[in-house]
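Here is upload_2.cif, consisting of mmCIF, C-alpha atoms, pLDDT in the B column; chains and numbers go by the auth columns:
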```
data_upload
#
loop_
_atom_site.group_PDB
_atom_site.id
_atom_site.type_symbol
_atom_site.label_atom_id
_atom_site.label_comp_id
_atom_site.label_asym_id
_atom_site.label_seq_id
_atom_site.Cartn_x
_atom_site.Cartn_y
_atom_site.Cartn_z
_atom_site.B_iso_or_equiv
_atom_site.auth_seq_id
_atom_site.auth_asym_id
ATOM 1 C CA MET A 1 14.400 18.206 -15.817 59.00 40 A
ATOM 2 C CA CYS A 2 14.923 19.169 -12.195 89.00 41 A
ATOM 3 C CA LEU A 3 11.526 17.837 -11.029 91.00 42 A
ATOM 4 C CA GLN A 4 10.453 14.202 -11.156 92.00 43 A
ATOM 5 C CA ARG A 5 7.368 12.252 -10.231 94.00 44 A
ATOM 6 C CA TYR A 6 7.436 8.989 -8.302 94.00 45 A
ATOM 7 C CA LYS A 7 4.871 6.429 -7.305 93.00 46 A
ATOM 8 C CA ILE A 8 5.650 4.792 -3.957 92.00 47 A
ATOM 9 C CA THR A 9 5.337 1.027 -3.598 88.00 48 A
ATOM 10 C CA GLY A 10 5.667 -0.748 -0.259 85.00 49 A
ATOM 11 C CA TYR A 11 5.267 0.211 3.357 84.00 50 A
ATOM 12 C CA SER A 12 8.716 1.079 4.680 86.00 51 A
ATOM 13 C CA MET A 13 7.958 4.822 4.683 91.00 52 A
ATOM 14 C CA ALA A 14 4.580 4.585 6.383 86.00 53 A
ATOM 15 C CA PRO A 15 2.985 6.600 7.819 87.00 54 A
ATOM 16 C CA SER A 16 4.731 9.506 6.047 90.00 55 A
ATOM 17 C CA LEU A 17 4.342 7.945 2.600 92.00 56 A
ATOM 18 C CA ARG A 18 1.946 5.117 2.113 88.00 57 A
ATOM 19 C CA GLU A 19 1.725 2.488 -0.586 85.00 58 A
ATOM 20 C CA GLY A 20 0.456 4.103 -3.799 88.00 59 A
ATOM 21 C CA ALA A 21 1.349 7.656 -2.805 92.00 60 A
ATOM 22 C CA ARG A 22 2.612 9.910 -5.576 94.00 61 A
ATOM 23 C CA VAL A 23 5.235 12.494 -4.949 95.00 62 A
ATOM 24 C CA VAL A 24 7.232 15.167 -6.716 94.00 63 A
ATOM 25 C CA THR A 25 10.966 15.255 -6.148 94.00 64 A
ATOM 26 C CA CYS A 26 13.702 17.725 -7.002 94.00 65 A
ATOM 27 C CA VAL A 27 17.159 16.702 -8.176 92.00 66 A
ATOM 28 C CA HIS A 28 19.052 19.835 -7.259 86.00 67 A
ATOM 29 C CA TRP A 29 17.721 20.398 -3.764 87.00 68 A
ATOM 30 C CA PRO A 30 20.348 20.780 -0.999 89.00 69 A
ATOM 31 C CA LEU A 31 20.156 17.800 1.351 91.00 70 A
ATOM 32 C CA GLN A 32 19.543 18.095 5.077 93.00 71 A
ATOM 33 C CA LEU A 33 19.090 15.566 7.826 94.00 72 A
ATOM 34 C CA GLY A 34 15.498 14.448 7.958 95.00 73 A
ATOM 35 C CA ASP A 35 14.903 14.820 4.230 95.00 74 A
ATOM 36 C CA VAL A 36 13.020 12.076 2.446 96.00 75 A
ATOM 37 C CA VAL A 37 15.073 11.121 -0.582 96.00 76 A
ATOM 38 C CA ILE A 38 15.025 8.859 -3.595 96.00 77 A
ATOM 39 C CA CYS A 39 18.197 6.810 -3.797 94.00 78 A
ATOM 40 C CA ARG A 40 19.583 4.090 -5.999 92.00 79 A
ATOM 41 C CA LEU A 41 20.715 0.962 -4.204 87.00 80 A
ATOM 42 C CA PRO A 42 24.176 0.097 -5.556 83.00 81 A
ATOM 43 C CA ALA A 43 23.664 -3.644 -5.143 76.00 82 A
ATOM 44 C CA SER A 44 20.445 -3.911 -7.117 76.00 83 A
ATOM 45 C CA GLY A 45 20.251 -0.627 -9.020 82.00 84 A
ATOM 46 C CA ARG A 46 16.679 -0.212 -7.761 85.00 85 A
ATOM 47 C CA GLU A 47 15.317 3.156 -6.827 92.00 86 A
ATOM 48 C CA THR A 48 14.004 3.344 -3.317 93.00 87 A
ATOM 49 C CA VAL A 49 12.667 5.998 -0.966 95.00 88 A
ATOM 50 C CA LYS A 50 14.068 6.518 2.525 95.00 89 A
ATOM 51 C CA ARG A 51 14.769 9.226 5.076 96.00 90 A
ATOM 52 C CA LEU A 52 18.239 10.695 5.529 96.00 91 A
ATOM 53 C CA VAL A 53 19.049 10.141 9.200 95.00 92 A
ATOM 54 C CA ARG A 54 22.813 10.672 9.446 95.00 93 A
ATOM 55 C CA ILE A 55 25.648 12.134 7.424 94.00 94 A
ATOM 56 C CA SER A 56 29.190 11.184 8.286 93.00 95 A
ATOM 57 C CA GLY A 57 31.690 12.535 5.749 91.00 96 A
ATOM 58 C CA ASP A 58 30.586 11.048 2.422 90.00 97 A
ATOM 59 C CA ASP A 59 28.534 8.365 4.137 93.00 98 A
ATOM 60 C CA TYR A 60 24.812 8.960 3.969 95.00 99 A
ATOM 61 C CA TYR A 61 22.697 6.810 6.287 94.00 100 A
ATOM 62 C CA LEU A 62 19.115 6.194 5.289 94.00 101 A
ATOM 63 C CA GLU A 63 16.232 4.606 7.153 92.00 102 A
ATOM 64 C CA GLY A 64 12.594 3.944 6.510 91.00 103 A
ATOM 65 C CA ASP A 65 10.087 5.609 8.829 90.00 104 A
ATOM 66 C CA ASN A 66 8.472 2.230 9.391 84.00 105 A
ATOM 67 C CA LEU A 67 11.520 0.591 10.949 80.00 106 A
ATOM 68 C CA ALA A 68 9.838 -2.761 11.398 71.00 107 A
ATOM 69 C CA MET A 69 9.243 -3.068 7.663 77.00 108 A
ATOM 70 C CA SER A 70 12.243 -1.368 6.172 80.00 109 A
ATOM 71 C CA THR A 71 15.450 -2.562 4.624 81.00 110 A
ATOM 72 C CA ASP A 72 17.848 0.352 4.875 85.00 111 A
ATOM 73 C CA SER A 73 21.294 1.462 6.043 89.00 112 A
ATOM 74 C CA ARG A 74 20.912 -0.733 9.100 82.00 113 A
ATOM 75 C CA HIS A 75 21.221 -3.633 6.647 77.00 114 A
ATOM 76 C CA PHE A 76 23.073 -2.394 3.570 82.00 115 A
ATOM 77 C CA GLY A 77 25.189 0.313 5.212 87.00 116 A
ATOM 78 C CA PRO A 78 25.646 3.914 4.149 93.00 117 A
ATOM 79 C CA LEU A 79 25.318 5.202 0.611 94.00 118 A
ATOM 80 C CA SER A 80 27.437 7.825 -1.097 94.00 119 A
ATOM 81 C CA LYS A 81 25.980 11.142 -2.172 93.00 120 A
ATOM 82 C CA THR A 82 25.980 10.068 -5.815 93.00 121 A
ATOM 83 C CA ASP A 83 23.509 7.307 -4.929 94.00 122 A
ATOM 84 C CA ILE A 84 20.999 9.897 -3.724 95.00 123 A
ATOM 85 C CA LEU A 85 19.049 10.964 -6.748 95.00 124 A
ATOM 86 C CA SER A 86 16.586 13.540 -5.512 95.00 125 A
ATOM 87 C CA ARG A 87 14.727 14.943 -2.541 95.00 126 A
ATOM 88 C CA VAL A 88 11.005 14.443 -2.090 96.00 127 A
ATOM 89 C CA LEU A 89 9.288 17.835 -2.011 94.00 128 A
ATOM 90 C CA PHE A 90 5.628 16.992 -1.632 94.00 129 A
ATOM 91 C CA GLN A 91 3.012 14.339 -2.017 94.00 130 A
ATOM 92 C CA TYR A 92 0.139 15.151 -4.403 91.00 131 A
ATOM 93 C CA PHE A 93 -1.825 11.900 -4.193 88.00 132 A
ATOM 94 C CA PRO A 94 -3.926 10.717 -2.396 87.00 133 A
ATOM 95 C CA VAL A 95 -3.809 14.105 -0.637 84.00 134 A
ATOM 96 C CA PHE A 96 -1.474 17.025 -0.966 86.00 135 A
ATOM 97 C CA GLN A 97 1.082 17.319 1.817 84.00 136 A
ATOM 98 C CA CYS A 98 4.587 18.605 2.210 85.00 137 A
ATOM 99 C CA VAL A 99 7.060 15.853 2.981 78.00 138 A
ATOM 100 C CA VAL A 100 9.500 16.826 5.692 64.00 139 A
ATOM 101 C CA MET B 1 1.729 17.401 -14.716 62.00 232 B
ATOM 102 C CA ASN B 2 1.335 14.019 -16.447 64.00 233 B
ATOM 103 C CA LYS B 3 2.427 15.550 -19.729 64.00 234 B
ATOM 104 C CA PHE B 4 5.782 16.910 -18.761 69.00 235 B
ATOM 105 C CA LEU B 5 6.853 14.832 -15.761 78.00 236 B
ATOM 106 C CA LYS B 6 7.447 11.152 -16.403 82.00 237 B
ATOM 107 C CA MET B 7 6.323 8.842 -13.604 87.00 238 B
ATOM 108 C CA HIS B 8 9.012 6.730 -11.907 88.00 239 B
ATOM 109 C CA THR B 9 8.620 4.120 -9.194 87.00 240 B
ATOM 110 C CA ALA B 10 10.380 4.263 -5.831 87.00 241 B
ATOM 111 C CA GLU B 11 10.317 1.127 -3.749 82.00 242 B
ATOM 112 C CA ALA B 12 9.660 1.222 -0.035 81.00 243 B
ATOM 113 C CA HIS B 13 9.811 -2.496 0.525 70.00 244 B
ATOM 114 C CA CYS B 14 11.206 -4.710 3.170 65.00 245 B
ATOM 115 C CA ASP B 15 13.500 -7.112 1.315 58.00 246 B
ATOM 116 C CA ILE B 16 13.976 -9.478 4.186 53.00 247 B
ATOM 117 C CA PRO B 17 11.721 -12.519 4.320 54.00 248 B
ATOM 118 C CA CYS B 18 10.899 -12.046 7.991 55.00 249 B
ATOM 119 C CA GLY B 19 8.558 -15.021 8.204 59.00 250 B
ATOM 120 C CA VAL B 20 5.952 -13.007 10.072 65.00 251 B
ATOM 121 C CA TYR B 21 2.537 -13.255 8.473 78.00 252 B
ATOM 122 C CA GLU B 22 -0.956 -12.594 9.726 82.00 253 B
ATOM 123 C CA ASN B 23 -4.517 -12.648 8.500 89.00 254 B
ATOM 124 C CA ASP B 24 -5.885 -9.712 10.507 88.00 255 B
ATOM 125 C CA THR B 25 -5.178 -7.224 7.743 89.00 256 B
ATOM 126 C CA ILE B 26 -7.233 -9.010 5.097 94.00 257 B
ATOM 127 C CA LYS B 27 -10.137 -9.517 7.514 94.00 258 B
ATOM 128 C CA HIS B 28 -10.053 -5.882 8.584 93.00 259 B
ATOM 129 C CA ALA B 29 -9.811 -4.710 4.980 94.00 260 B
ATOM 130 C CA ALA B 30 -12.717 -6.887 3.817 97.00 261 B
ATOM 131 C CA GLU B 31 -14.815 -5.735 6.773 96.00 262 B
ATOM 132 C CA THR B 32 -14.053 -2.111 5.884 95.00 263 B
ATOM 133 C CA VAL B 33 -15.081 -2.677 2.259 97.00 264 B
ATOM 134 C CA PHE B 34 -18.329 -4.204 3.488 97.00 265 B
ATOM 135 C CA LYS B 35 -19.018 -1.332 5.891 97.00 266 B
ATOM 136 C CA MET B 36 -18.338 1.266 3.212 97.00 267 B
ATOM 137 C CA ALA B 37 -20.553 -0.506 0.686 97.00 268 B
ATOM 138 C CA THR B 38 -23.320 -0.603 3.292 97.00 269 B
ATOM 139 C CA LYS B 39 -22.920 3.089 4.047 97.00 270 B
ATOM 140 C CA MET B 40 -22.937 3.901 0.321 97.00 271 B
ATOM 141 C CA HIS B 41 -26.142 1.957 -0.055 97.00 272 B
ATOM 142 C CA ASP B 42 -27.768 3.588 2.987 96.00 273 B
ATOM 143 C CA LEU B 43 -26.760 7.161 2.229 96.00 274 B
ATOM 144 C CA GLN B 44 -29.884 9.172 1.489 95.00 275 B
ATOM 145 C CA LYS B 45 -29.911 11.314 -1.632 94.00 276 B
ATOM 146 C CA PRO B 46 -30.969 14.921 -0.997 95.00 277 B
ATOM 147 C CA SER B 47 -34.521 15.749 -1.995 94.00 278 B
ATOM 148 C CA SER B 48 -35.269 17.345 -5.368 90.00 279 B
ATOM 149 C CA ASN B 49 -35.495 20.817 -3.804 93.00 280 B
ATOM 150 C CA ALA B 50 -32.302 20.422 -1.772 93.00 281 B
ATOM 151 C CA SER B 51 -29.846 23.287 -1.581 95.00 282 B
ATOM 152 C CA PRO B 52 -26.495 23.182 -3.395 94.00 283 B
ATOM 153 C CA GLU B 53 -24.809 22.799 0.002 95.00 284 B
ATOM 154 C CA GLU B 54 -26.814 19.671 0.702 95.00 285 B
ATOM 155 C CA TRP B 55 -25.778 18.225 -2.666 95.00 286 B
ATOM 156 C CA VAL B 56 -22.153 19.074 -2.001 95.00 287 B
ATOM 157 C CA ALA B 57 -22.368 17.382 1.394 95.00 288 B
ATOM 158 C CA TYR B 58 -23.950 14.324 -0.214 96.00 289 B
ATOM 159 C CA HIS B 59 -21.330 14.022 -2.935 96.00 290 B
ATOM 160 C CA ASN B 60 -18.553 14.668 -0.452 96.00 291 B
ATOM 161 C CA THR B 61 -19.743 11.927 1.878 96.00 292 B
ATOM 162 C CA MET B 62 -20.296 9.487 -0.955 97.00 293 B
ATOM 163 C CA SER B 63 -16.853 10.231 -2.389 96.00 294 B
ATOM 164 C CA ARG B 64 -15.240 9.570 0.960 96.00 295 B
ATOM 165 C CA TYR B 65 -17.020 6.225 1.280 96.00 296 B
ATOM 166 C CA VAL B 66 -15.957 5.247 -2.223 97.00 297 B
ATOM 167 C CA MET B 67 -12.386 6.346 -1.619 95.00 298 B
ATOM 168 C CA VAL B 68 -12.058 4.242 1.531 95.00 299 B
ATOM 169 C CA LYS B 69 -13.738 1.270 -0.134 97.00 300 B
ATOM 170 C CA GLU B 70 -11.290 1.452 -3.048 96.00 301 B
ATOM 171 C CA GLU B 71 -8.313 1.786 -0.753 93.00 302 B
ATOM 172 C CA TYR B 72 -9.203 -1.173 1.419 94.00 303 B
ATOM 173 C CA ALA B 73 -10.226 -3.405 -1.476 96.00 304 B
ATOM 174 C CA HIS B 74 -6.752 -2.753 -2.849 94.00 305 B
ATOM 175 C CA VAL B 75 -5.107 -3.484 0.514 92.00 306 B
ATOM 176 C CA CYS B 76 -7.112 -6.688 0.788 95.00 307 B
ATOM 177 C CA LYS B 77 -6.053 -7.858 -2.662 95.00 308 B
ATOM 178 C CA GLU B 78 -2.452 -7.012 -2.068 91.00 309 B
ATOM 179 C CA GLN B 79 -2.260 -8.709 1.318 91.00 310 B
ATOM 180 C CA ILE B 80 -3.903 -11.869 -0.002 94.00 311 B
ATOM 181 C CA LEU B 81 -1.343 -11.955 -2.790 92.00 312 B
ATOM 182 C CA ILE B 82 1.450 -11.528 -0.245 87.00 313 B
ATOM 183 C CA LEU B 83 0.159 -14.509 1.719 89.00 314 B
ATOM 184 C CA TRP B 84 -0.163 -16.461 -1.504 91.00 315 B
ATOM 185 C CA THR B 85 3.303 -15.742 -2.836 84.00 316 B
ATOM 186 C CA ASP B 86 5.298 -15.496 0.394 79.00 317 B
ATOM 187 C CA PHE B 87 3.552 -17.528 3.072 83.00 318 B
ATOM 188 C CA PHE B 88 1.926 -20.463 1.305 87.00 319 B
ATOM 189 C CA LYS B 89 4.319 -23.163 0.176 82.00 320 B
ATOM 190 C CA PRO B 90 3.860 -25.983 -2.356 83.00 321 B
ATOM 191 C CA GLU B 91 3.416 -28.516 0.457 82.00 322 B
ATOM 192 C CA HIS B 92 0.360 -26.587 1.677 87.00 323 B
ATOM 193 C CA LEU B 93 -1.441 -27.685 -1.465 89.00 324 B
ATOM 194 C CA ASP B 94 -1.657 -31.141 0.074 88.00 325 B
ATOM 195 C CA GLN B 95 -3.914 -29.682 2.766 89.00 326 B
ATOM 196 C CA VAL B 96 -5.705 -27.226 0.491 92.00 327 B
ATOM 197 C CA PRO B 97 -5.645 -28.564 -3.076 93.00 328 B
ATOM 198 C CA ASP B 98 -7.821 -25.741 -4.416 95.00 329 B
ATOM 199 C CA LEU B 99 -5.781 -22.981 -2.756 95.00 330 B
ATOM 200 C CA HIS B 100 -4.785 -21.326 -6.041 95.00 331 B
ATOM 201 C CA ASP B 101 -8.361 -21.259 -7.243 96.00 332 B
ATOM 202 C CA LYS B 102 -9.603 -19.801 -3.953 97.00 333 B
ATOM 203 C CA VAL B 103 -6.957 -17.075 -3.951 97.00 334 B
ATOM 204 C CA TRP B 104 -7.641 -16.280 -7.592 97.00 335 B
ATOM 205 C CA LYS B 105 -11.382 -15.996 -7.000 97.00 336 B
ATOM 206 C CA THR B 106 -10.976 -13.961 -3.812 97.00 337 B
ATOM 207 C CA THR B 107 -8.645 -11.442 -5.437 97.00 338 B
ATOM 208 C CA LYS B 108 -11.096 -11.176 -8.293 97.00 339 B
ATOM 209 C CA LEU B 109 -13.795 -10.393 -5.723 97.00 340 B
ATOM 210 C CA CYS B 110 -11.630 -7.507 -4.506 97.00 341 B
ATOM 211 C CA SER B 111 -11.801 -6.095 -8.017 97.00 342 B
ATOM 212 C CA THR B 112 -15.531 -6.772 -8.213 97.00 343 B
ATOM 213 C CA ALA B 113 -16.085 -4.927 -4.934 97.00 344 B
ATOM 214 C CA LYS B 114 -14.216 -1.983 -6.413 96.00 345 B
ATOM 215 C CA ARG B 115 -16.038 -2.057 -9.718 96.00 346 B
ATOM 216 C CA GLU B 116 -19.580 -2.636 -8.486 95.00 347 B
ATOM 217 C CA GLY B 117 -19.607 -1.147 -5.017 93.00 348 B
ATOM 218 C CA THR B 118 -22.642 -3.164 -4.034 96.00 349 B
ATOM 219 C CA VAL B 119 -23.347 -4.639 -0.606 97.00 350 B
ATOM 220 C CA GLU B 120 -23.741 -8.026 -2.265 97.00 351 B
ATOM 221 C CA SER B 121 -20.271 -7.987 -3.839 97.00 352 B
ATOM 222 C CA ALA B 122 -18.746 -6.794 -0.554 98.00 353 B
ATOM 223 C CA LYS B 123 -20.527 -9.582 1.290 97.00 354 B
ATOM 224 C CA LYS B 124 -19.105 -12.162 -1.119 98.00 355 B
ATOM 225 C CA LEU B 125 -15.647 -10.701 -0.625 98.00 356 B
ATOM 226 C CA LYS B 126 -15.995 -10.875 3.136 97.00 357 B
ATOM 227 C CA ALA B 127 -17.033 -14.523 2.991 97.00 358 B
ATOM 228 C CA ALA B 128 -14.184 -15.436 0.638 97.00 359 B
ATOM 229 C CA VAL B 129 -11.650 -13.600 2.796 97.00 360 B
ATOM 230 C CA LYS B 130 -12.949 -15.397 5.866 96.00 361 B
ATOM 231 C CA GLU B 131 -12.256 -18.659 4.073 96.00 362 B
ATOM 232 C CA ILE B 132 -8.701 -17.613 3.132 96.00 363 B
ATOM 233 C CA ALA B 133 -8.124 -16.480 6.728 95.00 364 B
ATOM 234 C CA GLU B 134 -9.288 -19.863 8.014 95.00 365 B
ATOM 235 C CA ILE B 135 -7.017 -21.664 5.555 95.00 366 B
ATOM 236 C CA PHE B 136 -4.159 -19.484 6.753 93.00 367 B
ATOM 237 C CA GLU B 137 -4.858 -20.428 10.372 91.00 368 B
ATOM 238 C CA LYS B 138 -5.138 -24.090 9.508 89.00 369 B
ATOM 239 C CA VAL B 139 -1.897 -24.119 7.547 87.00 370 B
ATOM 240 C CA GLN B 140 -0.111 -21.915 10.037 80.00 371 B
ATOM 241 C CA GLY B 141 -0.912 -24.374 12.792 71.00 372 B
ATOM 242 C CA SER B 142 0.863 -27.161 10.931 51.00 373 B
ATOM 243 C CA SER B 143 3.602 -25.110 9.348 43.00 374 B
ATOM 244 C CA ALA B 144 7.171 -25.392 10.532 36.00 375 B
ATOM 245 C CA THR B 145 8.166 -22.273 8.602 35.00 376 B
ATOM 246 C CA TYR B 146 6.011 -19.891 10.579 29.00 377 B
ATOM 247 C CA GLU B 147 7.921 -18.020 13.233 28.00 378 B
ATOM 248 C CA TYR B 148 6.737 -15.824 16.046 25.00 379 B
#
```

Whole structure given in structure tokens:
Amino acid sequence: MCLQRYKITGYSMAPSLREGARVVTCVHWPLQLGDVVICRLPASGRETVKRLVRISGDDYYLEGDNLAMSTDSRHFGPLSKTDILSRVLFQYFPVFQCVV
Amino acid sequence: MNKFLKMHTAEAHCDIPCGVYENDTIKHAAETVFKMATKMHDLQKPSSNASPEEWVAYHNTMSRYVMVKEEYAHVCKEQILILWTDFFKPEHLDQVPDLHDKVWKTTKLCSTAKREGTVESAKKLKAAVKEIAEIFEKVQGSSATYEY
């Protein structure tokens, strides 16, 4: 299935995505800078949501929108493209909004 | 959508124990729950011969109050649990022996405020949160682990 649903936990993507928000993501969506993506952290295997802020070759740098409360590429370095699972298309709860 | 798209969870946490804790959030959240419960209680129902638009406006306003109350009761509960699990340490039990019981009861009051939506339950929550906030300040003052 190309589309997936995710529930967001935590505050690192506030104010774009708040704790408890529900989103729909697409696996086969071409990635661009600024996209909000679901990625798998190689160290822990956990799925997390971050924004794609820089691409350098096969290095994908991700950051949370809420920099003060985010653990991201500033700490764990870049990820490879295979670690990025899908792109967030829109939030449908608590209110509908496109995620860009 | 629920039927054909399985729900996953994506974490947006900060994994670093930064050592920065505060009690403003729980106080603000409890105050918001109280204000919303008061507004829910005070909101006048339209009269029996009210127009459909008046009923829509009433339900819309009430729904918004309820939504905010639910949201902030959840925030309150979550933030208390964060203080409990991350800030409070075993040695703090020497100063506050009934800490666990107080946290347990206060988080239960968050649920009660959600479930009942009464001014009375919100008032109890506010009082319990005030107590937790005071404990936090007391412990913080004597805690070597707290960092600015």

Q: Convert the output of the PyMOL selection byres ((chain B) within 7 of (chain A)) on the shown file into explicit residues, formatted as a PyMOL selection string.
A: chain B and resi 236-246

Q) Taking only C-alpha atoms into account, which of A:Pro69, A:Phe132, A:Val127, A:Leu118 comes nearest A:Ser95? A) A:Leu118

(Q) Translate the PyMOL selection byres ((chain B and resi 271-286) around 10) into a concrete residue list for this structure, as a PyMOL selection string. (A) chain B and resi 265-270+287-297+300+348-350

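Taking atom CA of B:Val370 and atom CA of B:Ala358 as the two end points, the separation is 18.5 Å.
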
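Here the PyMOL selection byres ((chain B and resi 364) around 10) catches exactly these residues: Glu253, Asn254, Asp255, Thr256, Ile257, Lys258, Ile311, Leu314, Ala358, Ala359, Val360, Lys361, Glu362, Ile363, Glu365, Ile366, Phe367, Glu368, Lys369 and Val370 of chain B.
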
Keeping C-alpha atoms for every residue in the selection just given, could you write it to a file as a short mmCIF file (atom, residue, chain, number, x, y, z; two decimals), in the frame of the given file?
```
data_model
loop_
_atom_site.label_atom_id
_atom_site.label_comp_id
_atom_site.auth_asym_id
_atom_site.auth_seq_id
_atom_site.Cartn_x
_atom_site.Cartn_y
_atom_site.Cartn_z
CA GLU B 253 -0.96 -12.59 9.73
CA ASN B 254 -4.52 -12.65 8.50
CA ASP B 255 -5.88 -9.71 10.51
CA THR B 256 -5.18 -7.22 7.74
CA ILE B 257 -7.23 -9.01 5.10
CA LYS B 258 -10.14 -9.52 7.51
CA ILE B 311 -3.90 -11.87 0.00
CA LEU B 314 0.16 -14.51 1.72
CA ALA B 358 -17.03 -14.52 2.99
CA ALA B 359 -14.18 -15.44 0.64
CA VAL B 360 -11.65 -13.60 2.80
CA LYS B 361 -12.95 -15.40 5.87
CA GLU B 362 -12.26 -18.66 4.07
CA ILE B 363 -8.70 -17.61 3.13
CA GLU B 365 -9.29 -19.86 8.01
CA ILE B 366 -7.02 -21.66 5.56
CA PHE B 367 -4.16 -19.48 6.75
CA GLU B 368 -4.86 -20.43 10.37
CA LYS B 369 -5.14 -24.09 9.51
CA VAL B 370 -1.90 -24.12 7.55
#
```

Q: For atom CA of A:Leu80 and atom CA of A:Ala60, quote the distance in Å rounded to one decimal.
A: 20.5 Å

Q: Might you pull out every residue within 8 Å of B:Leu312, with all atoms listed in the file counted and same-chain residues fewer than 3 positions away left off, and present them as a PyMOL selection string?
A: chain B and resi 308-309+315-316+334+338

Q) Quick one: residues within 12 Å of A:Leu70, all atoms listed in the file counted, chain neighbours fewer than 5 positions away excluded, as a PyMOL selection string? A) chain A and resi 65+75-77+90-94+99+120+123-128+139

Any chance you can output those residues with C-alpha atoms as a short mmCIF file (atom, residue, chain, number, x, y, z; two decimals), keeping the file's coordinate frame?
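Written out: again-v8.cif:
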```cif
data_model
loop_
_atom_site.label_atom_id
_atom_site.label_comp_id
_atom_site.auth_asym_id
_atom_site.auth_seq_id
_atom_site.Cartn_x
_atom_site.Cartn_y
_atom_site.Cartn_z
CA CYS A 65 13.70 17.73 -7.00
CA VAL A 75 13.02 12.08 2.45
CA VAL A 76 15.07 11.12 -0.58
CA ILE A 77 15.02 8.86 -3.60
CA ARG A 90 14.77 9.23 5.08
CA LEU A 91 18.24 10.70 5.53
CA VAL A 92 19.05 10.14 9.20
CA ARG A 93 22.81 10.67 9.45
CA ILE A 94 25.65 12.13 7.42
CA TYR A 99 24.81 8.96 3.97
CA LYS A 120 25.98 11.14 -2.17
CA ILE A 123 21.00 9.90 -3.72
CA LEU A 124 19.05 10.96 -6.75
CA SER A 125 16.59 13.54 -5.51
CA ARG A 126 14.73 14.94 -2.54
CA VAL A 127 11.00 14.44 -2.09
CA LEU A 128 9.29 17.84 -2.01
CA VAL A 139 9.50 16.83 5.69
#
```

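If you look at atom CA of A:Phe135 and atom CA of B:Gln310, they are 25.8 Å away from each other.
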
Can I get stretch 98-111 of chain A with N, CA and C atoms filled in, as a PDB file, in the frame of the given file?
```pdb
ATOM      1  N   ASP A  98      29.448   9.478   3.861  1.00 93.00           N
ATOM      2  CA  ASP A  98      28.534   8.365   4.137  1.00 93.00           C
ATOM      3  C   ASP A  98      27.156   8.901   4.512  1.00 93.00           C
ATOM      4  N   TYR A  99      26.184   8.512   3.731  1.00 95.00           N
ATOM      5  CA  TYR A  99      24.812   8.960   3.969  1.00 95.00           C
ATOM      6  C   TYR A  99      23.988   7.770   4.457  1.00 95.00           C
ATOM      7  N   TYR A 100      23.465   7.903   5.681  1.00 94.00           N
ATOM      8  CA  TYR A 100      22.697   6.810   6.287  1.00 94.00           C
ATOM      9  C   TYR A 100      21.206   7.066   6.103  1.00 94.00           C
ATOM     10  N   LEU A 101      20.540   6.057   5.600  1.00 94.00           N
ATOM     11  CA  LEU A 101      19.115   6.194   5.289  1.00 94.00           C
ATOM     12  C   LEU A 101      18.308   5.145   6.054  1.00 94.00           C
ATOM     13  N   GLU A 102      17.128   5.555   6.481  1.00 92.00           N
ATOM     14  CA  GLU A 102      16.232   4.606   7.153  1.00 92.00           C
ATOM     15  C   GLU A 102      14.800   4.842   6.705  1.00 92.00           C
ATOM     16  N   GLY A 103      14.022   3.788   6.752  1.00 91.00           N
ATOM     17  CA  GLY A 103      12.594   3.944   6.510  1.00 91.00           C
ATOM     18  C   GLY A 103      11.923   4.443   7.779  1.00 91.00           C
ATOM     19  N   ASP A 104      10.810   5.146   7.634  1.00 90.00           N
ATOM     20  CA  ASP A 104      10.087   5.609   8.829  1.00 90.00           C
ATOM     21  C   ASP A 104       9.457   4.432   9.567  1.00 90.00           C
ATOM     22  N   ASN A 105       9.074   3.426   8.808  1.00 84.00           N
ATOM     23  CA  ASN A 105       8.472   2.230   9.391  1.00 84.00           C
ATOM     24  C   ASN A 105       9.598   1.209   9.603  1.00 84.00           C
ATOM     25  N   LEU A 106      10.290   1.362  10.724  1.00 80.00           N
ATOM     26  CA  LEU A 106      11.520   0.591  10.949  1.00 80.00           C
ATOM     27  C   LEU A 106      11.298  -0.921  10.924  1.00 80.00           C
ATOM     28  N   ALA A 107      10.109  -1.319  11.346  1.00 71.00           N
ATOM     29  CA  ALA A 107       9.838  -2.761  11.398  1.00 71.00           C
ATOM     30  C   ALA A 107       9.717  -3.370  10.009  1.00 71.00           C
ATOM     31  N   MET A 108       9.442  -2.539   9.012  1.00 77.00           N
ATOM     32  CA  MET A 108       9.243  -3.068   7.663  1.00 77.00           C
ATOM     33  C   MET A 108      10.150  -2.365   6.661  1.00 77.00           C
ATOM     34  N   SER A 109      11.350  -2.100   7.072  1.00 80.00           N
ATOM     35  CA  SER A 109      12.243  -1.368   6.172  1.00 80.00           C
ATOM     36  C   SER A 109      13.598  -2.060   6.067  1.00 80.00           C
ATOM     37  N   THR A 110      14.071  -2.130   4.860  1.00 81.00           N
ATOM     38  CA  THR A 110      15.450  -2.562   4.624  1.00 81.00           C
ATOM     39  C   THR A 110      16.224  -1.306   4.257  1.00 81.00           C
ATOM     40  N   ASP A 111      17.198  -0.948   5.048  1.00 85.00           N
ATOM     41  CA  ASP A 111      17.848   0.352   4.875  1.00 85.00           C
ATOM     42  C   ASP A 111      19.305   0.300   5.308  1.00 85.00           C
TER      43      ASP A 111
END
```
